[in-house]
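Pasted below: final_29.txt, compact mmCIF, C-alpha atoms and all ligand atoms.
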# COMPACT_ATOMS: atom_id res chain seq x y z
CA MET A 174 8.15 -17.70 18.71
CA THR A 175 8.93 -21.33 19.52
CA ASP A 176 10.82 -23.15 16.81
CA LYS A 177 9.22 -26.18 15.22
CA THR A 178 11.20 -29.37 15.01
CA TYR A 179 11.86 -30.87 11.61
CA GLU A 180 12.91 -34.26 10.30
CA THR A 181 15.70 -32.94 8.05
CA VAL A 182 16.36 -29.39 9.21
CA LYS A 183 17.71 -27.93 12.43
CA ILE A 184 17.46 -24.39 13.82
CA GLU A 185 20.10 -22.98 16.17
CA ARG A 186 20.15 -19.48 17.59
CA GLU A 187 22.90 -17.21 18.89
CA ASP A 188 22.48 -13.50 19.71
CA GLY A 189 19.99 -12.65 16.96
CA ILE A 190 21.68 -14.91 14.43
CA THR A 191 19.61 -17.88 13.30
CA PHE A 192 21.42 -20.86 11.81
CA LEU A 193 19.14 -22.81 9.50
CA ILE A 194 20.90 -26.11 9.05
CA MET A 195 20.35 -28.74 6.36
CA ASN A 196 20.47 -31.78 8.58
CA ARG A 197 21.09 -35.05 6.76
CA PRO A 198 24.80 -35.33 7.54
CA GLU A 199 24.91 -39.07 6.84
CA LYS A 200 23.78 -38.25 3.26
CA ARG A 201 26.00 -35.15 3.05
CA ASN A 202 22.80 -33.05 3.23
CA ALA A 203 21.68 -34.21 -0.19
CA MET A 204 18.29 -32.64 -0.78
CA SER A 205 15.40 -35.07 -0.48
CA PRO A 206 11.80 -33.95 -1.08
CA GLN A 207 11.34 -33.86 2.70
CA LEU A 208 14.32 -31.54 3.11
CA HIS A 209 12.78 -29.16 0.57
CA PHE A 210 9.44 -29.21 2.40
CA ASP A 211 11.13 -28.65 5.76
CA MET A 212 13.35 -25.84 4.52
CA GLU A 213 10.43 -24.07 2.87
CA ASP A 214 8.36 -24.25 6.04
CA ALA A 215 11.26 -23.13 8.24
CA MET A 216 11.97 -20.14 6.02
CA ASP A 217 8.36 -18.99 6.21
CA HIS A 218 8.55 -19.29 9.99
CA LEU A 219 11.85 -17.36 10.23
CA ALA A 220 10.91 -14.59 7.79
CA LEU A 221 8.37 -13.36 10.36
CA ASP A 222 10.47 -14.16 13.42
CA GLU A 223 11.49 -10.95 15.16
CA ALA A 224 14.37 -12.64 16.97
CA THR A 225 16.04 -13.47 13.64
CA LYS A 226 18.17 -10.50 12.62
CA VAL A 227 20.50 -12.43 10.29
CA LEU A 228 19.86 -15.83 8.73
CA VAL A 229 22.78 -18.21 8.19
CA ILE A 230 22.26 -21.20 5.87
CA THR A 231 24.63 -24.07 6.51
CA GLY A 232 24.91 -27.85 6.66
CA ALA A 233 25.40 -30.42 9.42
CA GLY A 234 28.51 -32.60 9.41
CA PRO A 235 31.18 -32.53 6.71
CA ALA A 236 29.01 -31.13 3.92
CA PHE A 237 27.18 -27.93 3.11
CA CYS A 238 25.02 -29.75 0.55
CA ALA A 239 25.80 -32.58 -1.88
CA GLY A 240 23.10 -31.42 -4.30
CA GLN A 241 19.77 -33.04 -5.07
CA ASP A 242 19.32 -36.50 -3.57
CA LEU A 243 19.80 -38.78 -6.55
CA ARG A 244 17.87 -41.60 -4.89
CA LEU A 245 14.96 -39.74 -3.29
CA TYR A 246 14.56 -36.59 -5.37
CA PHE A 247 15.22 -38.07 -8.83
CA ARG A 248 14.71 -41.84 -8.84
CA GLY A 249 12.18 -41.82 -5.99
CA THR A 250 9.78 -39.53 -7.85
CA GLU A 251 10.16 -41.06 -11.33
CA ASN A 252 6.73 -42.71 -11.12
CA ASP A 253 5.09 -40.18 -8.87
CA PRO A 254 4.40 -37.00 -10.84
CA VAL A 255 2.52 -35.38 -7.98
CA MET A 256 5.40 -35.79 -5.55
CA ARG A 257 7.90 -34.75 -8.25
CA HIS A 258 5.95 -31.58 -8.87
CA LYS A 259 5.63 -30.76 -5.16
CA ALA A 260 9.30 -31.44 -4.48
CA HIS A 261 10.36 -29.40 -7.50
CA GLU A 262 8.22 -26.44 -6.47
CA ALA A 263 9.47 -26.54 -2.87
CA SER A 264 13.05 -26.86 -4.12
CA ASP A 265 12.78 -23.75 -6.30
CA ASN A 266 10.85 -21.84 -3.67
CA TRP A 267 13.17 -22.08 -0.70
CA ARG A 268 16.50 -22.19 -2.53
CA TRP A 269 15.84 -19.23 -4.76
CA LEU A 270 12.57 -17.31 -4.43
CA LYS A 271 12.34 -17.25 -0.65
CA LEU A 272 16.06 -16.90 -0.04
CA THR A 273 16.64 -14.07 -2.51
CA ARG A 274 13.61 -12.24 -1.11
CA PHE A 275 14.26 -13.01 2.54
CA PRO A 276 13.59 -9.82 4.52
CA LYS A 277 16.76 -10.03 6.67
CA LEU A 278 20.38 -10.38 5.64
CA THR A 279 21.34 -13.93 4.65
CA ILE A 280 24.77 -15.56 4.79
CA ALA A 281 25.76 -18.92 3.29
CA MET A 282 28.24 -20.56 5.66
CA VAL A 283 29.76 -23.18 3.37
CA ASN A 284 31.21 -25.66 5.80
CA GLY A 285 32.15 -28.41 3.33
CA TYR A 286 31.02 -30.10 0.11
CA CYS A 287 28.82 -27.91 -2.06
CA PHE A 288 27.82 -29.66 -5.28
CA GLY A 289 25.32 -29.29 -8.10
CA GLY A 290 22.00 -27.97 -6.87
CA GLY A 291 23.66 -26.96 -3.58
CA LEU A 292 25.26 -24.08 -5.47
CA THR A 293 21.83 -22.47 -5.86
CA GLN A 294 21.19 -21.74 -2.17
CA MET A 295 24.82 -20.68 -1.73
CA ALA A 296 24.39 -18.16 -4.55
CA ALA A 297 20.97 -17.01 -3.33
CA CYS A 298 22.35 -15.81 0.00
CA ASP A 299 23.39 -12.16 0.15
CA LEU A 300 26.89 -13.00 1.38
CA ALA A 301 28.88 -16.22 1.48
CA ILE A 302 31.76 -17.39 3.62
CA ALA A 303 33.44 -20.75 3.08
CA ALA A 304 35.81 -23.02 4.92
CA GLU A 305 39.16 -22.82 3.16
CA ASP A 306 38.96 -26.54 2.46
CA ALA A 307 35.27 -26.60 1.46
CA LEU A 308 34.91 -28.28 -1.92
CA PHE A 309 32.62 -26.87 -4.61
CA GLY A 310 31.69 -28.43 -7.91
CA ALA A 311 29.24 -28.53 -10.76
CA SER A 312 29.46 -32.30 -10.87
CA GLU A 313 26.54 -32.80 -13.25
CA ILE A 314 28.83 -33.38 -16.25
CA ASN A 315 30.38 -36.32 -14.37
CA TRP A 316 27.16 -38.27 -14.61
CA GLY A 317 25.99 -37.15 -18.00
CA ILE A 318 23.68 -34.27 -17.35
CA LEU A 319 24.02 -30.48 -17.48
CA PRO A 320 23.76 -28.12 -14.49
CA GLY A 321 19.99 -27.67 -14.54
CA GLY A 322 17.50 -25.86 -12.31
CA ASN A 323 19.19 -22.48 -12.33
CA VAL A 324 22.72 -23.77 -11.61
CA SER A 325 24.23 -22.90 -15.01
CA TRP A 326 22.70 -19.45 -14.67
CA VAL A 327 23.92 -18.81 -11.12
CA MET A 328 27.41 -19.89 -12.16
CA THR A 329 27.46 -17.21 -14.83
CA GLN A 330 26.26 -14.68 -12.25
CA LEU A 331 28.88 -15.59 -9.69
CA MET A 332 32.01 -15.97 -11.80
CA SER A 333 33.51 -15.03 -15.13
CA HIS A 334 32.36 -16.65 -18.36
CA ARG A 335 35.68 -18.50 -18.59
CA ASP A 336 35.41 -19.89 -15.05
CA ALA A 337 31.73 -20.85 -15.42
CA MET A 338 32.46 -22.64 -18.68
CA HIS A 339 35.54 -24.35 -17.27
CA TYR A 340 33.93 -25.64 -14.08
CA ALA A 341 30.67 -26.67 -15.78
CA ILE A 342 32.23 -28.61 -18.63
CA THR A 343 35.09 -30.24 -16.71
CA GLY A 344 33.35 -30.92 -13.39
CA ASP A 345 36.62 -29.89 -11.73
CA THR A 346 36.21 -28.96 -8.08
CA TRP A 347 37.36 -25.71 -6.46
CA ASP A 348 38.10 -25.03 -2.82
CA GLY A 349 37.18 -22.15 -0.50
CA LYS A 350 40.31 -20.15 -1.32
CA ARG A 351 39.68 -20.48 -5.04
CA ALA A 352 36.02 -19.57 -4.45
CA VAL A 353 37.19 -16.20 -3.10
CA GLU A 354 39.54 -15.70 -6.08
CA ILE A 355 36.79 -16.28 -8.63
CA GLY A 356 34.22 -14.22 -6.70
CA ALA A 357 31.90 -17.10 -5.80
CA VAL A 358 32.12 -16.29 -2.06
CA ASN A 359 33.12 -13.18 -0.14
CA TYR A 360 35.53 -14.68 2.38
CA CYS A 361 37.05 -17.92 3.48
CA ALA A 362 38.35 -19.01 6.86
CA PRO A 363 40.02 -22.05 8.36
CA ARG A 364 37.30 -24.60 9.07
CA GLU A 365 37.69 -24.33 12.86
CA LYS A 366 37.16 -20.55 12.68
CA LEU A 367 34.30 -20.56 10.18
CA ARG A 368 31.45 -20.16 12.65
CA GLU A 369 33.33 -17.49 14.63
CA GLU A 370 34.05 -15.50 11.45
CA THR A 371 30.45 -15.87 10.31
CA ILE A 372 29.19 -14.54 13.63
CA LYS A 373 31.61 -11.61 13.40
CA LEU A 374 30.27 -10.73 9.95
CA ALA A 375 26.65 -11.14 11.07
CA LYS A 376 27.21 -8.91 14.11
CA LYS A 377 28.78 -6.21 11.97
CA MET A 378 25.69 -6.26 9.76
CA MET A 379 23.38 -6.13 12.79
CA GLU A 380 24.81 -2.69 13.66
CA LYS A 381 23.36 -1.26 10.44
CA ASN A 382 19.85 0.02 9.92
CA PRO A 383 17.92 -3.19 9.07
CA MET A 384 15.47 -1.58 6.66
CA ALA A 385 18.36 0.07 4.81
CA VAL A 386 20.12 -3.31 4.60
CA ARG A 387 16.96 -4.92 3.24
CA PHE A 388 16.33 -2.22 0.64
CA THR A 389 20.00 -2.14 -0.37
CA LYS A 390 20.20 -5.87 -0.98
CA GLU A 391 16.96 -5.74 -2.98
CA ALA A 392 18.34 -2.84 -5.00
CA ILE A 393 21.66 -4.52 -5.78
CA ARG A 394 19.87 -7.65 -7.00
CA THR A 395 17.37 -5.74 -9.09
CA VAL A 396 19.61 -3.23 -10.85
CA ARG A 397 21.90 -5.95 -12.22
CA THR A 398 19.65 -6.57 -15.17
CA MET A 399 18.45 -2.98 -15.70
CA SER A 400 19.67 -0.26 -18.03
CA GLU A 401 21.31 2.72 -16.35
CA VAL A 402 18.25 4.86 -17.08
CA ASP A 403 15.83 2.34 -15.61
CA ALA A 404 18.08 1.83 -12.60
CA ARG A 405 18.11 5.55 -11.80
CA ASP A 406 14.35 5.69 -11.90
CA TYR A 407 13.96 2.53 -9.83
CA LEU A 408 16.54 3.69 -7.26
CA ALA A 409 14.82 7.07 -6.85
CA ALA A 410 11.53 5.30 -6.08
CA LYS A 411 13.24 2.74 -3.87
CA SER A 412 15.02 5.47 -1.88
CA ALA A 413 11.73 7.28 -1.30
CA ALA A 414 10.09 4.02 -0.22
CA LEU A 415 12.93 3.36 2.23
CA ILE A 416 12.39 6.69 3.96
CA LEU A 417 8.71 5.83 4.35
CA ARG A 418 9.33 2.30 5.61
CA ASP A 419 12.22 3.08 7.96
CA LYS A 420 10.59 3.39 11.37
CA GLU A 421 13.80 4.45 13.08
CA GLY A 422 14.36 7.42 10.75
CA GLY A 423 17.92 6.44 9.97
CA ARG A 424 18.58 9.13 7.40
CA GLN A 425 17.73 11.97 9.78
CA LYS A 426 19.52 10.35 12.67
CA GLY A 427 22.67 9.73 10.66
CA MET A 428 22.72 13.28 9.29
CA SER A 429 22.22 14.80 12.69
CA GLN A 430 24.90 12.65 14.33
CA PHE A 431 27.35 13.66 11.58
CA LEU A 432 26.44 17.32 10.99
CA ASP A 433 25.14 18.53 14.36
CA GLU A 434 26.51 16.27 17.07
CA LYS A 435 29.67 15.43 15.11
CA SER A 436 29.56 12.09 16.90
CA PHE A 437 30.21 9.76 13.98
CA ARG A 438 31.81 9.42 10.53
CA PRO A 439 29.51 7.74 7.97
CA GLY A 440 32.55 6.66 5.99
CA LEU A 441 33.85 4.60 8.87
CA GLY A 442 30.86 2.83 10.39
CA ALA A 443 27.16 2.84 11.23
CA TYR A 444 25.41 5.66 13.10
CA ALA A 445 24.57 4.94 16.73
CA ARG A 446 21.35 2.97 17.06
CA LYS A 447 19.57 1.85 20.18
CA PRO A 448 19.40 -1.96 20.34
CA GLY A 449 16.02 -3.24 19.20
CA GLU A 450 15.07 0.20 17.87
CA SER A 451 13.82 -1.08 14.56
CA LYS A 452 12.20 -4.25 13.24
N1 LIG B 1 22.29 -38.02 -3.61
C1 LIG B 1 22.02 -39.10 -2.90
N2 LIG B 1 22.84 -39.59 -1.95
C2 LIG B 1 23.99 -38.92 -1.74
C3 LIG B 1 24.35 -37.78 -2.46
C4 LIG B 1 23.43 -37.31 -3.43
N3 LIG B 1 23.64 -36.19 -4.14
N4 LIG B 1 25.54 -37.36 -2.01
C5 LIG B 1 25.92 -38.21 -1.06
N5 LIG B 1 24.99 -39.17 -0.88
C6 LIG B 1 24.99 -40.30 0.04
C7 LIG B 1 25.85 -41.44 -0.46
O1 LIG B 1 25.17 -42.25 -1.39
C8 LIG B 1 26.13 -42.16 0.84
O2 LIG B 1 25.00 -42.89 1.21
P1 LIG B 1 25.15 -44.40 1.85
O3 LIG B 1 25.89 -44.18 3.14
O4 LIG B 1 23.76 -44.86 2.01
O5 LIG B 1 25.96 -45.17 0.86
C9 LIG B 1 26.27 -41.01 1.84
O6 LIG B 1 25.58 -39.92 1.26
C10 LIG B 1 27.67 -40.58 2.10
O7 LIG B 1 28.28 -40.34 0.85
P2 LIG B 1 29.77 -40.79 0.50
O8 LIG B 1 29.92 -40.69 -0.97
O9 LIG B 1 30.07 -42.10 1.15
O10 LIG B 1 30.56 -39.63 1.30
P3 LIG B 1 31.98 -39.00 0.99
O11 LIG B 1 32.23 -38.07 2.13
O12 LIG B 1 32.99 -40.05 0.69
O13 LIG B 1 31.79 -38.15 -0.36
C11 LIG B 1 30.66 -36.57 -1.77
C12 LIG B 1 30.97 -37.01 -0.34
C13 LIG B 1 31.95 -36.14 -2.48
C14 LIG B 1 29.71 -35.36 -1.64
C15 LIG B 1 30.00 -37.73 -2.56
O14 LIG B 1 28.98 -38.31 -1.78
C16 LIG B 1 29.39 -37.30 -3.89
O15 LIG B 1 30.08 -37.19 -4.87
N6 LIG B 1 28.06 -37.03 -3.89
C17 LIG B 1 27.35 -36.58 -5.07
C18 LIG B 1 27.61 -35.10 -5.31
C19 LIG B 1 26.94 -34.66 -6.58
O16 LIG B 1 27.31 -34.99 -7.68
N7 LIG B 1 25.90 -33.80 -6.40
C20 LIG B 1 25.14 -33.25 -7.50
C21 LIG B 1 23.90 -33.99 -7.63
S1 LIG B 1 23.04 -33.51 -9.08
C22 LIG B 1 22.16 -32.15 -8.70
O17 LIG B 1 22.21 -31.60 -7.62
C23 LIG B 1 21.26 -31.56 -9.77

Written as structure tokens, that's how I'd like the structure from this file.
Amino acid sequence: MTDKTYETVKIEREDGITFLIMNRPEKRNAMSPQLHFDMEDAMDHLALDEATKVLVITGAGPAFCAGQDLRLYFRGTENDPVMRHKAHEASDNWRWLKLTRFPKLTIAMVNGYCFGGGLTQMAACDLAIAAEDALFGASEINWGILPGGNVSWVMTQLMSHRDAMHYAITGDTWDGKRAVEIGAVNYCAPREKLREETIKLAKKMMEKNPMAVRFTKEAIRTVRTMSEVDARDYLAAKSAALILRDKEGGRQKGMSQFLDEKSFRPGLGAYARKPGESK
């Protein structure tokens, strides 16, 4: 599939890893209506792209994303309800609905500033890795609003009540190292090693059965808000569905490699798969 070109978004590819890059570096990747439209379109394109095994969301230049574009997203649509509605829908769609439901593993590679609404797409990715000196913040309080969209909610999902309250009401920033401490990202790395570490993580995930990865990430998201009883029922159905959907028959293969061939240890890594065996 040939990639489209976009005004505000860039696509780069490396060994099955697709980097979807918010590309307004001169505006610190602040999200204009056009950026929302471009990201939404690109995500639809990549969801069906067989060459994309892992999707990495990141930003061009010194920022991951400086939040909604105050000039173009807010002020620019004040007198244009149609555009405001379209931009708002696209913003919610790609940053949350499409990202949380994306059929392949997603990683947020937080390369720099990540403020306000930019926290949403960071949180929506399955995993997140940040530059040690990346700077995060719920800066809304600094200009007299509250973290809207779903930002207040994602903060309470990502960190403790105390931390969410503290960062939302003070507007204090936190860096990549602190983001690991409070559980907002999985790892951090020196800025010059960020891409290399992200690729390492993506490649590790590409060794696993892709349908099992997809079903597992869906399960982890879904059971969070369920009772234990409901979760058991859901997980039984989900497990049965995985066996049906998994074209490479991972469960049988893994069992046989462990029990019969004694060629692998499930506790220590993925069973042997042929490259390109499964979609
Ligand atoms: N909206 C609109 N324009 C922005 C935004 C934004 N959120 N963030 C940065 N820009 C623009 C600046 O206005 C500037 O444009 P100009 O060159 O035309 O003057 C350009 O991007 C570069 O910004 P600087 O402030 O000069 O860059 P610097 O590297 O010094 O600082 C920083 C970066 C810290 C991200 C700063 O720009 C900032 O505080 N931005 C706002 C962050 C914020 O509060 N985001 C939340 C928005 S609210 C929401 O998302 C719901």

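The spacing separating CA of Tyr246 in chain A from CA of Met332 in chain A amounts to 27.8 Å.
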
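Counting from CA of Asn382 in chain A, the distance to CA of Gly189 in chain A is 14.5 Å.
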
Inset, instruction - For CA of Ala409 in chain A and CA of Phe431 in chain A, quote the distance in Å rounded to one decimal. - result: 23.2 Å

Legend entry - For Pro235 in chain A: contacts at 8 Å, all atoms listed in the file, fewer than 3 positions along chain excluded, given as an MDAnalysis selection string: chainID A and resid 198 201 232 284:286

8 Å per side around range 230-244 of chain A: axis-aligned box centre and edge lengths, as lines of an AutoDock Vina configuration file:
center_x = 24.5
center_y = -31.4
center_z = 1.4
size_x = 29.3
size_y = 36.4
size_z = 32.0

Close residues, range 335-341 of chain A itself excluded, 10 Å, all atoms listed in the file, min 3 positions apart in chain, as a PDB file with C-alpha atoms, in the frame of the given file:
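Everything below was put into result-v4.pdb:
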ATOM      1  CA  GLY A 289      25.320 -29.290  -8.100  1.00  0.00           C
ATOM      2  CA  PHE A 309      32.620 -26.870  -4.610  1.00  0.00           C
ATOM      3  CA  GLY A 310      31.690 -28.430  -7.910  1.00  0.00           C
ATOM      4  CA  ALA A 311      29.240 -28.530 -10.760  1.00  0.00           C
ATOM      5  CA  SER A 312      29.460 -32.300 -10.870  1.00  0.00           C
ATOM      6  CA  GLU A 313      26.540 -32.800 -13.250  1.00  0.00           C
ATOM      7  CA  ILE A 314      28.830 -33.380 -16.250  1.00  0.00           C
ATOM      8  CA  ASN A 315      30.380 -36.320 -14.370  1.00  0.00           C
ATOM      9  CA  LEU A 319      24.020 -30.480 -17.480  1.00  0.00           C
ATOM     10  CA  PRO A 320      23.760 -28.120 -14.490  1.00  0.00           C
ATOM     11  CA  VAL A 324      22.720 -23.770 -11.610  1.00  0.00           C
ATOM     12  CA  SER A 325      24.230 -22.900 -15.010  1.00  0.00           C
ATOM     13  CA  TRP A 326      22.700 -19.450 -14.670  1.00  0.00           C
ATOM     14  CA  VAL A 327      23.920 -18.810 -11.120  1.00  0.00           C
ATOM     15  CA  MET A 328      27.410 -19.890 -12.160  1.00  0.00           C
ATOM     16  CA  THR A 329      27.460 -17.210 -14.830  1.00  0.00           C
ATOM     17  CA  GLN A 330      26.260 -14.680 -12.250  1.00  0.00           C
ATOM     18  CA  LEU A 331      28.880 -15.590  -9.690  1.00  0.00           C
ATOM     19  CA  MET A 332      32.010 -15.970 -11.800  1.00  0.00           C
ATOM     20  CA  GLY A 344      33.350 -30.920 -13.390  1.00  0.00           C
ATOM     21  CA  ASP A 345      36.620 -29.890 -11.730  1.00  0.00           C
ATOM     22  CA  THR A 346      36.210 -28.960  -8.080  1.00  0.00           C
ATOM     23  CA  TRP A 347      37.360 -25.710  -6.460  1.00  0.00           C
ATOM     24  CA  ILE A 355      36.790 -16.280  -8.630  1.00  0.00           C
TER      25      ILE A 355
END

Inset, instruction - Name the residues in contact with Leu374 in chain A at a cut-off of 12 Å, using only C-alpha atoms, excluding same-chain residues fewer than 6 positions from it; report them as a ChimeraX atom specification. - result: /A:190,227-229,278-282,300-302,359-362,367-368,380-381

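Among the candidates A:Met295, A:Asp211, A:Met204, A:Pro254, the one nearest to Thr273 in chain A when counting all atoms listed in the file is A:Met295.
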
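Of the listed residues (A:Thr293, A:Thr343, A:Thr398, A:Asn202), A:Asn202 comes nearest to Ala236 in chain A; the distances count only C-alpha atoms.
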
Legend entry - Selection as a ChimeraX atom specification: residues within 7 Å of (15.3, -26.5, 5.2), counting only C-alpha atoms: /A:182,193-195,208-209,211-213,215

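Proximity to Phe288 in chain A was assessed for A:Leu308, A:Lys377, A:Asp242, A:Asp253 counting only C-alpha atoms; the smallest distance is recorded for A:Leu308.
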
Inset, instruction - Taking (13.0, -34.1, -4.5) in the file's own coordinates, collect the residues within 12 Å, counting all atoms listed in the file, and hand them back as number ranges by chain. - result: A: 203-211, 240-251, 253-265, 290

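With distances restricted to only C-alpha atoms, A:Glu391 is the closest residue to Leu272 in chain A from A:Asp433, A:Glu391, A:Glu185, A:Asp306.
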
Legend entry - Selected residue, from A:Gly321, A:Ala307, A:Ile372, A:Asp406, that lies nearest to Asp348 in chain A when counting only C-alpha atoms: A:Ala307
